[in-house]
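So this one's coords_12.pdb, PDB, C-alpha atoms:
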MODEL        1
ATOM      1  CA  ASP A   1       9.221 -21.430  18.139  1.00  0.00           C
ATOM      2  CA  ALA A   2       9.093 -18.915  15.290  1.00  0.00           C
ATOM      3  CA  CYS A   3       7.329 -15.596  14.788  1.00  0.00           C
ATOM      4  CA  ILE A   4       6.219 -14.090  11.468  1.00  0.00           C
ATOM      5  CA  ILE A   5       5.635 -10.327  11.631  1.00  0.00           C
ATOM      6  CA  THR A   6       3.418  -8.885   8.903  1.00  0.00           C
ATOM      7  CA  LEU A   7       3.055  -5.342  10.215  1.00  0.00           C
ATOM      8  CA  PRO A   8       3.521  -2.567   7.626  1.00  0.00           C
ATOM      9  CA  VAL A   9       6.993  -1.018   7.581  1.00  0.00           C
ATOM     10  CA  SER A  10       5.544   2.325   8.679  1.00  0.00           C
ATOM     11  CA  VAL A  11       4.143   0.758  11.859  1.00  0.00           C
ATOM     12  CA  LEU A  12       7.437  -1.002  12.572  1.00  0.00           C
ATOM     13  CA  ALA A  13       9.332   2.258  12.098  1.00  0.00           C
ATOM     14  CA  SER A  14       6.930   4.218  14.330  1.00  0.00           C
ATOM     15  CA  ASN A  15       8.360   2.589  17.489  1.00  0.00           C
ATOM     16  CA  ASP A  16       4.851   1.694  18.644  1.00  0.00           C
ATOM     17  CA  ILE A  17       6.042  -1.919  18.552  1.00  0.00           C
ATOM     18  CA  GLN A  18       8.810  -2.678  21.010  1.00  0.00           C
ATOM     19  CA  PHE A  19      11.362  -5.467  20.577  1.00  0.00           C
ATOM     20  CA  THR A  20      13.323  -6.919  23.496  1.00  0.00           C
ATOM     21  CA  PRO A  21      16.198  -6.945  22.845  1.00  0.00           C
ATOM     22  CA  ASN A  22      16.130  -4.169  20.274  1.00  0.00           C
ATOM     23  CA  LEU A  23      16.289  -5.006  16.595  1.00  0.00           C
ATOM     24  CA  PRO A  24      19.837  -5.031  15.209  1.00  0.00           C
ATOM     25  CA  ALA A  25      20.956  -1.793  13.576  1.00  0.00           C
ATOM     26  CA  ALA A  26      20.818  -3.309  10.074  1.00  0.00           C
ATOM     27  CA  TYR A  27      17.042  -3.738  10.435  1.00  0.00           C
ATOM     28  CA  THR A  28      16.305  -0.363  12.015  1.00  0.00           C
ATOM     29  CA  LYS A  29      18.381   1.356   9.346  1.00  0.00           C
ATOM     30  CA  ALA A  30      16.523  -0.494   6.597  1.00  0.00           C
ATOM     31  CA  LEU A  31      13.216   0.639   8.111  1.00  0.00           C
ATOM     32  CA  GLN A  32      14.365   4.242   7.802  1.00  0.00           C
ATOM     33  CA  ALA A  33      14.682   3.744   4.045  1.00  0.00           C
ATOM     34  CA  LEU A  34      11.422   1.821   3.540  1.00  0.00           C
ATOM     35  CA  LYS A  35       8.365   4.064   3.572  1.00  0.00           C
ATOM     36  CA  LEU A  36       4.674   3.794   2.795  1.00  0.00           C
ATOM     37  CA  GLY A  37       3.381   6.367   0.356  1.00  0.00           C
ATOM     38  CA  SER A  38      -0.077   7.917   0.114  1.00  0.00           C
ATOM     39  CA  TYR A  39      -2.629   6.417  -2.231  1.00  0.00           C
ATOM     40  CA  LYS A  40      -6.348   7.020  -2.277  1.00  0.00           C
ATOM     41  CA  LYS A  41      -9.146   4.990  -3.842  1.00  0.00           C
ATOM     42  CA  LEU A  42     -12.785   5.900  -4.281  1.00  0.00           C
ATOM     43  CA  ALA A  43     -15.754   4.035  -5.659  1.00  0.00           C
ATOM     44  CA  VAL A  44     -18.607   6.383  -6.540  1.00  0.00           C
ATOM     45  CA  GLN A  45     -22.097   5.644  -7.776  1.00  0.00           C
ATOM     46  CA  VAL A  46     -23.723   7.660 -10.539  1.00  0.00           C
ATOM     47  CA  LYS A  47     -27.305   7.854 -11.736  1.00  0.00           C
ATOM     48  CA  SER A  48     -26.178   7.744 -15.361  1.00  0.00           C
ATOM     49  CA  MET A  49     -22.761   7.328 -16.954  1.00  0.00           C
ATOM     50  CA  PRO A  50     -21.491   9.937 -19.446  1.00  0.00           C
ATOM     51  CA  ASN A  51     -21.281   8.451 -22.940  1.00  0.00           C
ATOM     52  CA  GLU A  52     -17.588   9.357 -23.098  1.00  0.00           C
ATOM     53  CA  ILE A  53     -16.717   6.891 -20.299  1.00  0.00           C
ATOM     54  CA  LEU A  54     -15.957   3.510 -21.866  1.00  0.00           C
ATOM     55  CA  ASP A  55     -15.317   0.218 -20.093  1.00  0.00           C
ATOM     56  CA  ASN A  56     -11.734  -0.552 -19.052  1.00  0.00           C
ATOM     57  CA  VAL A  57     -10.329   2.780 -20.229  1.00  0.00           C
ATOM     58  CA  ASN A  58      -8.343   5.083 -17.946  1.00  0.00           C
ATOM     59  CA  TYR A  59      -9.214   8.779 -17.891  1.00  0.00           C
ATOM     60  CA  TYR A  60      -7.136  11.453 -16.157  1.00  0.00           C
ATOM     61  CA  LEU A  61      -8.654  14.631 -14.763  1.00  0.00           C
ATOM     62  CA  TYR A  62      -6.624  17.596 -13.574  1.00  0.00           C
ATOM     63  CA  ASN A  63      -7.574  19.029 -10.182  1.00  0.00           C
ATOM     64  CA  ASP A  64      -6.540  22.642  -9.631  1.00  0.00           C
ATOM     65  CA  ASN A  65      -6.790  23.050  -5.850  1.00  0.00           C
ATOM     66  CA  PRO A  66      -5.125  21.119  -4.441  1.00  0.00           C
ATOM     67  CA  LYS A  67      -3.156  20.362  -7.563  1.00  0.00           C
ATOM     68  CA  GLY A  68      -3.211  16.763  -8.642  1.00  0.00           C
ATOM     69  CA  ILE A  69      -4.543  14.138 -11.022  1.00  0.00           C
ATOM     70  CA  TRP A  70      -7.589  11.921 -10.619  1.00  0.00           C
ATOM     71  CA  GLN A  71      -7.384   8.573 -12.419  1.00  0.00           C
ATOM     72  CA  VAL A  72     -10.908   7.456 -13.346  1.00  0.00           C
ATOM     73  CA  TYR A  73     -12.188   4.274 -14.961  1.00  0.00           C
ATOM     74  CA  ARG A  74     -15.117   1.899 -15.148  1.00  0.00           C
ATOM     75  CA  LEU A  75     -14.546  -1.849 -15.039  1.00  0.00           C
ATOM     76  CA  ASN A  76     -16.740  -4.028 -17.217  1.00  0.00           C
ATOM     77  CA  PHE A  77     -17.300  -6.547 -14.413  1.00  0.00           C
ATOM     78  CA  TYR A  78     -18.445  -3.841 -11.963  1.00  0.00           C
ATOM     79  CA  PRO A  79     -22.000  -2.509 -11.839  1.00  0.00           C
ATOM     80  CA  LYS A  80     -22.475  -0.167 -14.790  1.00  0.00           C
ATOM     81  CA  ASN A  81     -23.153   2.832 -12.546  1.00  0.00           C
ATOM     82  CA  VAL A  82     -19.898   2.653 -10.530  1.00  0.00           C
ATOM     83  CA  LEU A  83     -16.766   4.694 -11.205  1.00  0.00           C
ATOM     84  CA  VAL A  84     -13.423   3.795  -9.658  1.00  0.00           C
ATOM     85  CA  VAL A  85     -11.131   6.706  -8.817  1.00  0.00           C
ATOM     86  CA  HIS A  86      -7.457   6.779  -7.764  1.00  0.00           C
ATOM     87  CA  ALA A  87      -5.157   9.522  -6.498  1.00  0.00           C
ATOM     88  CA  SER A  88      -1.513   9.151  -5.508  1.00  0.00           C
ATOM     89  CA  GLY A  89       1.586  10.898  -4.201  1.00  0.00           C
ATOM     90  CA  ASP A  90       1.425  14.386  -2.703  1.00  0.00           C
ATOM     91  CA  PHE A  91      -2.097  14.858  -4.033  1.00  0.00           C
ATOM     92  CA  ALA A  92      -3.307  11.774  -2.148  1.00  0.00           C
ATOM     93  CA  ALA A  93      -1.453  12.913   0.982  1.00  0.00           C
ATOM     94  CA  GLN A  94      -3.370  16.205   0.892  1.00  0.00           C
ATOM     95  CA  LEU A  95      -6.645  14.387   0.322  1.00  0.00           C
ATOM     96  CA  ASP A  96      -5.914  12.173   3.338  1.00  0.00           C
ATOM     97  CA  GLU A  97      -5.965  15.308   5.502  1.00  0.00           C
ATOM     98  CA  MET A  98      -9.502  16.118   4.353  1.00  0.00           C
ATOM     99  CA  GLU A  99     -12.832  14.719   5.480  1.00  0.00           C
ATOM    100  CA  ASP A 100     -14.098  11.892   3.272  1.00  0.00           C
ATOM    101  CA  THR A 101     -17.181  13.878   2.265  1.00  0.00           C
ATOM    102  CA  ASP A 102     -14.989  16.818   1.237  1.00  0.00           C
ATOM    103  CA  VAL A 103     -12.846  14.550  -0.944  1.00  0.00           C
ATOM    104  CA  PHE A 104     -15.980  13.207  -2.604  1.00  0.00           C
ATOM    105  CA  GLU A 105     -17.286  16.730  -3.224  1.00  0.00           C
ATOM    106  CA  LEU A 106     -13.923  17.748  -4.672  1.00  0.00           C
ATOM    107  CA  PHE A 107     -13.906  14.867  -7.129  1.00  0.00           C
ATOM    108  CA  LYS A 108     -17.571  15.373  -7.971  1.00  0.00           C
ATOM    109  CA  ALA A 109     -16.940  19.013  -8.887  1.00  0.00           C
ATOM    110  CA  CYS A 110     -13.891  18.139 -11.001  1.00  0.00           C
ATOM    111  CA  PHE A 111     -15.666  15.339 -12.854  1.00  0.00           C
ATOM    112  CA  SER A 112     -18.848  17.369 -13.413  1.00  0.00           C
ATOM    113  CA  ASN A 113     -16.851  20.258 -14.829  1.00  0.00           C
ATOM    114  CA  ALA A 114     -14.778  17.996 -17.097  1.00  0.00           C
ATOM    115  CA  TYR A 115     -17.819  16.277 -18.630  1.00  0.00           C
ATOM    116  CA  SER A 116     -20.264  19.195 -18.397  1.00  0.00           C
ATOM    117  CA  VAL A 117     -22.762  17.197 -16.349  1.00  0.00           C
ATOM    118  CA  THR A 118     -24.890  18.065 -13.331  1.00  0.00           C
ATOM    119  CA  ASN A 119     -26.664  16.036 -10.716  1.00  0.00           C
ATOM    120  CA  ILE A 120     -25.478  12.621 -11.916  1.00  0.00           C
ATOM    121  CA  PHE A 121     -24.097  11.413  -8.568  1.00  0.00           C
ATOM    122  CA  THR A 122     -26.314   9.479  -6.177  1.00  0.00           C
ATOM    123  CA  GLY A 123     -24.273  10.555  -3.149  1.00  0.00           C
ATOM    124  CA  LYS A 124     -23.151   7.014  -2.405  1.00  0.00           C
ATOM    125  CA  PHE A 125     -19.402   6.416  -2.278  1.00  0.00           C
ATOM    126  CA  SER A 126     -16.691   4.398  -0.570  1.00  0.00           C
ATOM    127  CA  ILE A 127     -13.238   5.787   0.160  1.00  0.00           C
ATOM    128  CA  THR A 128      -9.905   4.711   1.649  1.00  0.00           C
ATOM    129  CA  ASN A 129      -7.653   6.598   4.037  1.00  0.00           C
ATOM    130  CA  TRP A 130      -4.799   4.238   4.839  1.00  0.00           C
ATOM    131  CA  SER A 131      -2.526   7.046   6.018  1.00  0.00           C
ATOM    132  CA  LYS A 132      -4.878   7.721   8.930  1.00  0.00           C
ATOM    133  CA  ASN A 133      -5.305   4.052   9.807  1.00  0.00           C
ATOM    134  CA  ASN A 134      -3.116   3.338  12.844  1.00  0.00           C
ATOM    135  CA  TYR A 135      -2.629  -0.250  11.682  1.00  0.00           C
ATOM    136  CA  ALA A 136      -1.312   0.833   8.272  1.00  0.00           C
ATOM    137  CA  LEU A 137       0.002   4.434   8.368  1.00  0.00           C
ATOM    138  CA  GLY A 138       0.256   4.508   4.603  1.00  0.00           C
ATOM    139  CA  ALA A 139      -0.533   2.639   1.413  1.00  0.00           C
ATOM    140  CA  TYR A 140       2.193   1.032  -0.715  1.00  0.00           C
ATOM    141  CA  SER A 141       5.912   0.787  -0.009  1.00  0.00           C
ATOM    142  CA  TYR A 142       8.754   2.665  -1.666  1.00  0.00           C
ATOM    143  CA  THR A 143      12.426   3.174  -0.865  1.00  0.00           C
ATOM    144  CA  ALA A 144      13.512   6.675   0.111  1.00  0.00           C
ATOM    145  CA  PRO A 145      16.991   8.132  -0.515  1.00  0.00           C
ATOM    146  CA  PHE A 146      19.134   7.517   2.522  1.00  0.00           C
ATOM    147  CA  GLY A 147      21.660  10.141   3.561  1.00  0.00           C
ATOM    148  CA  PHE A 148      23.829  11.992   1.073  1.00  0.00           C
ATOM    149  CA  ASP A 149      26.456   9.352   0.407  1.00  0.00           C
ATOM    150  CA  GLY A 150      26.119   8.053  -3.129  1.00  0.00           C
ATOM    151  CA  ASN A 151      27.843   4.836  -2.050  1.00  0.00           C
ATOM    152  CA  ASP A 152      25.315   4.088   0.714  1.00  0.00           C
ATOM    153  CA  THR A 153      23.373   1.017  -0.412  1.00  0.00           C
ATOM    154  CA  THR A 154      20.883   1.068   2.492  1.00  0.00           C
ATOM    155  CA  ALA A 155      17.887   2.034   0.362  1.00  0.00           C
ATOM    156  CA  VAL A 156      18.800  -0.359  -2.446  1.00  0.00           C
ATOM    157  CA  ASN A 157      19.191  -3.299  -0.077  1.00  0.00           C
ATOM    158  CA  ALA A 158      16.460  -2.378   2.437  1.00  0.00           C
ATOM    159  CA  ARG A 159      13.923  -4.910   1.127  1.00  0.00           C
ATOM    160  CA  LYS A 160      16.521  -7.686   1.078  1.00  0.00           C
ATOM    161  CA  GLN A 161      17.666  -6.845   4.596  1.00  0.00           C
ATOM    162  CA  MET A 162      14.159  -6.944   6.075  1.00  0.00           C
ATOM    163  CA  ALA A 163      13.503 -10.264   4.325  1.00  0.00           C
ATOM    164  CA  LYS A 164      16.382 -11.912   6.202  1.00  0.00           C
ATOM    165  CA  PRO A 165      15.265 -14.070   9.165  1.00  0.00           C
ATOM    166  CA  LEU A 166      16.479 -12.845  12.519  1.00  0.00           C
ATOM    167  CA  LEU A 167      18.229 -15.691  14.326  1.00  0.00           C
ATOM    168  CA  LYS A 168      16.057 -18.051  12.242  1.00  0.00           C
ATOM    169  CA  ARG A 169      13.229 -17.275  14.662  1.00  0.00           C
ATOM    170  CA  VAL A 170      11.785 -13.910  13.622  1.00  0.00           C
ATOM    171  CA  TYR A 171      10.572 -13.375  10.068  1.00  0.00           C
ATOM    172  CA  PHE A 172       9.268 -10.181   8.480  1.00  0.00           C
ATOM    173  CA  ALA A 173       6.749 -10.635   5.691  1.00  0.00           C
ATOM    174  CA  GLY A 174       4.663  -8.385   3.467  1.00  0.00           C
ATOM    175  CA  GLU A 175       4.544  -6.579   0.139  1.00  0.00           C
ATOM    176  CA  ALA A 176       7.443  -4.317   1.128  1.00  0.00           C
ATOM    177  CA  TYR A 177       9.880  -7.234   1.175  1.00  0.00           C
ATOM    178  CA  HIS A 178       8.988  -8.837  -2.154  1.00  0.00           C
ATOM    179  CA  LEU A 179      11.625  -7.711  -4.642  1.00  0.00           C
ATOM    180  CA  LYS A 180       9.516  -8.121  -7.772  1.00  0.00           C
ATOM    181  CA  ALA A 181       5.941  -7.522  -6.618  1.00  0.00           C
ATOM    182  CA  TYR A 182       6.170  -4.920  -3.854  1.00  0.00           C
ATOM    183  CA  GLY A 183       3.144  -2.680  -3.615  1.00  0.00           C
ATOM    184  CA  THR A 184       0.764  -5.502  -4.564  1.00  0.00           C
ATOM    185  CA  LEU A 185      -1.592  -7.855  -2.776  1.00  0.00           C
ATOM    186  CA  HIS A 186      -0.133 -10.912  -4.495  1.00  0.00           C
ATOM    187  CA  GLY A 187       3.361  -9.772  -3.480  1.00  0.00           C
ATOM    188  CA  ALA A 188       2.253  -9.679   0.149  1.00  0.00           C
ATOM    189  CA  SER A 189       0.644 -13.111  -0.139  1.00  0.00           C
ATOM    190  CA  ILE A 190       3.653 -14.714  -1.820  1.00  0.00           C
ATOM    191  CA  ASP A 191       6.090 -13.184   0.645  1.00  0.00           C
ATOM    192  CA  GLY A 192       4.013 -14.381   3.599  1.00  0.00           C
ATOM    193  CA  GLN A 193       3.940 -17.914   2.220  1.00  0.00           C
ATOM    194  CA  GLU A 194       7.694 -17.862   1.643  1.00  0.00           C
ATOM    195  CA  ALA A 195       8.288 -16.656   5.211  1.00  0.00           C
ATOM    196  CA  ALA A 196       6.094 -19.462   6.563  1.00  0.00           C
ATOM    197  CA  ASP A 197       7.920 -22.044   4.419  1.00  0.00           C
ATOM    198  CA  ASN A 198      11.298 -20.763   5.623  1.00  0.00           C
ATOM    199  CA  ALA A 199      10.166 -20.832   9.257  1.00  0.00           C
ATOM    200  CA  ILE A 200       8.915 -24.418   8.957  1.00  0.00           C
ATOM    201  CA  ARG A 201      12.079 -25.488   7.161  1.00  0.00           C
ATOM    202  CA  ASN A 202      14.365 -23.954   9.774  1.00  0.00           C
ATOM    203  CA  LEU A 203      12.335 -25.428  12.635  1.00  0.00           C
ATOM    204  CA  GLU A 204      12.501 -28.874  11.036  1.00  0.00           C
ATOM    205  CA  ASP A 205      16.260 -28.507  10.565  1.00  0.00           C
ATOM    206  CA  ALA A 206      16.675 -27.452  14.199  1.00  0.00           C
ATOM    207  CA  THR A 207      14.562 -30.410  15.395  1.00  0.00           C
ATOM    208  CA  SER A 208      16.533 -32.821  13.213  1.00  0.00           C
ATOM    209  CA  THR A 209      19.839 -31.479  14.548  1.00  0.00           C
ATOM    210  CA  LEU A 210      18.608 -31.785  18.134  1.00  0.00           C
ATOM    211  CA  GLN A 211      17.508 -35.380  17.622  1.00  0.00           C
ATOM    212  CA  THR A 212      20.823 -36.241  15.979  1.00  0.00           C
ATOM    213  CA  ASN A 213      22.753 -34.784  18.885  1.00  0.00           C
ATOM    214  CA  HIS A 214      20.747 -36.888  21.315  1.00  0.00           C
ATOM    215  CA  VAL A 215      21.488 -40.126  19.487  1.00  0.00           C
TER     216      VAL A 215
ENDMDL
END
How would this structure read if it were set down as structure tokens?
Amino acid sequence: DACIITLPVSVLASNDIQFTPNLPAAYTKALQALKLGSYKKLAVQVKSMPNEILDNVNYYLYNDNPKGIWQVYRLNFYPKNVLVVHASGDFAAQLDEMEDTDVFELFKACFSNAYSVTNIFTGKFSITNWSKNNYALGAYSYTAPFGFDGNDTTAVNARKQMAKPLLKRVYFAGEAYHLKAYGTLHGASIDGQEAADNAIRNLEDATSTLQTNHV
């Protein structure tokens, strides 16, 4: 048998998931270096779009309290009255502590002030809060500095370590372990497929070895 674990690194590191026997130290240490950051996304509907907002162009609005930057854009394949909004880092972490309606009101005030508009929002919006989701506990992965030893390669090698099969039976898969596409949906998909391929390959090798030994 083989097991592929696709839980986010933050959930694995939270100790809510128990392994018997415990994971080897190399894995638990790697999980201390791999973190999930805060990232917030909003989709908001407007009654009319300001003329300054062009399709497929990023706009950045400064928010004073809490301090941070809203990234705003309109995609040409979305409905014409929908704005997509991003926030990241410490700013997103602070927003995650707020009620969704308060976050929407905060953005609405910032946007309205920046473009000198009033009453253009319909009140309809969709918003993420991955940091408060117990099955995610964060958004996208990053590697945190580990200790104070400049020669400690834990953080640098954390993704590689977690991608190693455990006893050729337990496989960890997800965006956090893809070296070139971490933080992306396609990275998660590719890494999951690679883990499944490796599991099948190792099971076939084990079956072939067993049959050979019985001959």
Residues within 7 Å of range 191-194 of chain A, only C-alpha atoms, excluding chain neighbours under 6 positions, as a ChimeraX atom specification: /A:173-175,178
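With all atoms listed in the file as the atoms that count, the residue of A:Ala158, A:Val117, A:Leu203, A:Val11 with the shortest distance to Val46 in chain A is A:Val117.
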Among the residues A:Leu42, A:Met98, A:Met49, A:Leu36, the one that comes closest to Gln71 in chain A [using all atoms listed in the file]: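 Between A:Leu42, A:Met98, A:Met49, A:Leu36, the residue approaching Gln71 in chain A most closely is A:Leu42.
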Residue neighbourhood Lys108 in chain A, 9 Å, only C-alpha atoms, exclusion window fewer than 5 positions, as an MDAnalysis selection string: chainID A and resid 103 113 121
Among listed residues A:Gln32, A:Thr184, A:Asn76, A:Thr20, nearest Asn157 in chain A (using all atoms listed in the file):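 Result for the nearest residue to Asn157 in chain A: A:Gln32.
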Between CA of Cys3 in chain A and CA of Ser131 in chain A, distance in Å (one decimal):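 Separating CA of Cys3 in chain A from CA of Ser131 in chain A is a distance of 26.2 Å.
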Phe172 in chain A surroundings by only C-alpha atoms, 7 Å radius, close-in-sequence under 6 positions cut, as a ChimeraX atom specification: /A:4-6,162-163
Local residues around (-9.4, 3.2, -5.8), at most 10 Å away, using all atoms listed in the file, as a list in words: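 Checking each residue against the 10 Å limit leaves Tyr39, Lys40, Lys41, Leu42, Ala43, Val44, Gln71, Val72, Tyr73, Leu83, Val84, Val85, His86, Ala87, Ser88, Ser126, Ile127 and Thr128 of chain A.
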Closest of A:Asp55, A:Gly123, A:Lys35, A:Tyr115 to Thr101 in chain A - atom-to-atom distances counting all atoms listed in the file: A:Gly123
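Closest approach to Thr153 in chain A among A:Tyr60, A:Ala33, A:Ala176, A:Ile120: A:Ala33, based on all atoms listed in the file.
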Interatomic distance (Å, one decimal) between CA of Ala139 in chain A and CA of Ala188 in chain A: 12.7 Å
Explicit residues for the PyMOL selection byres ((chain A and resi 9) around 7) (as a VMD selection string): chain A and resid 7 to 8 10 to 13 31 34 to 35
Among the residues A:Glu52, A:Asp16, A:Asp96, A:Asp205, the one that comes closest to Asn133 in chain A [using all atoms listed in the file]: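 Closest to Asn133 in chain A, using all atoms listed in the file: A:Asp96.
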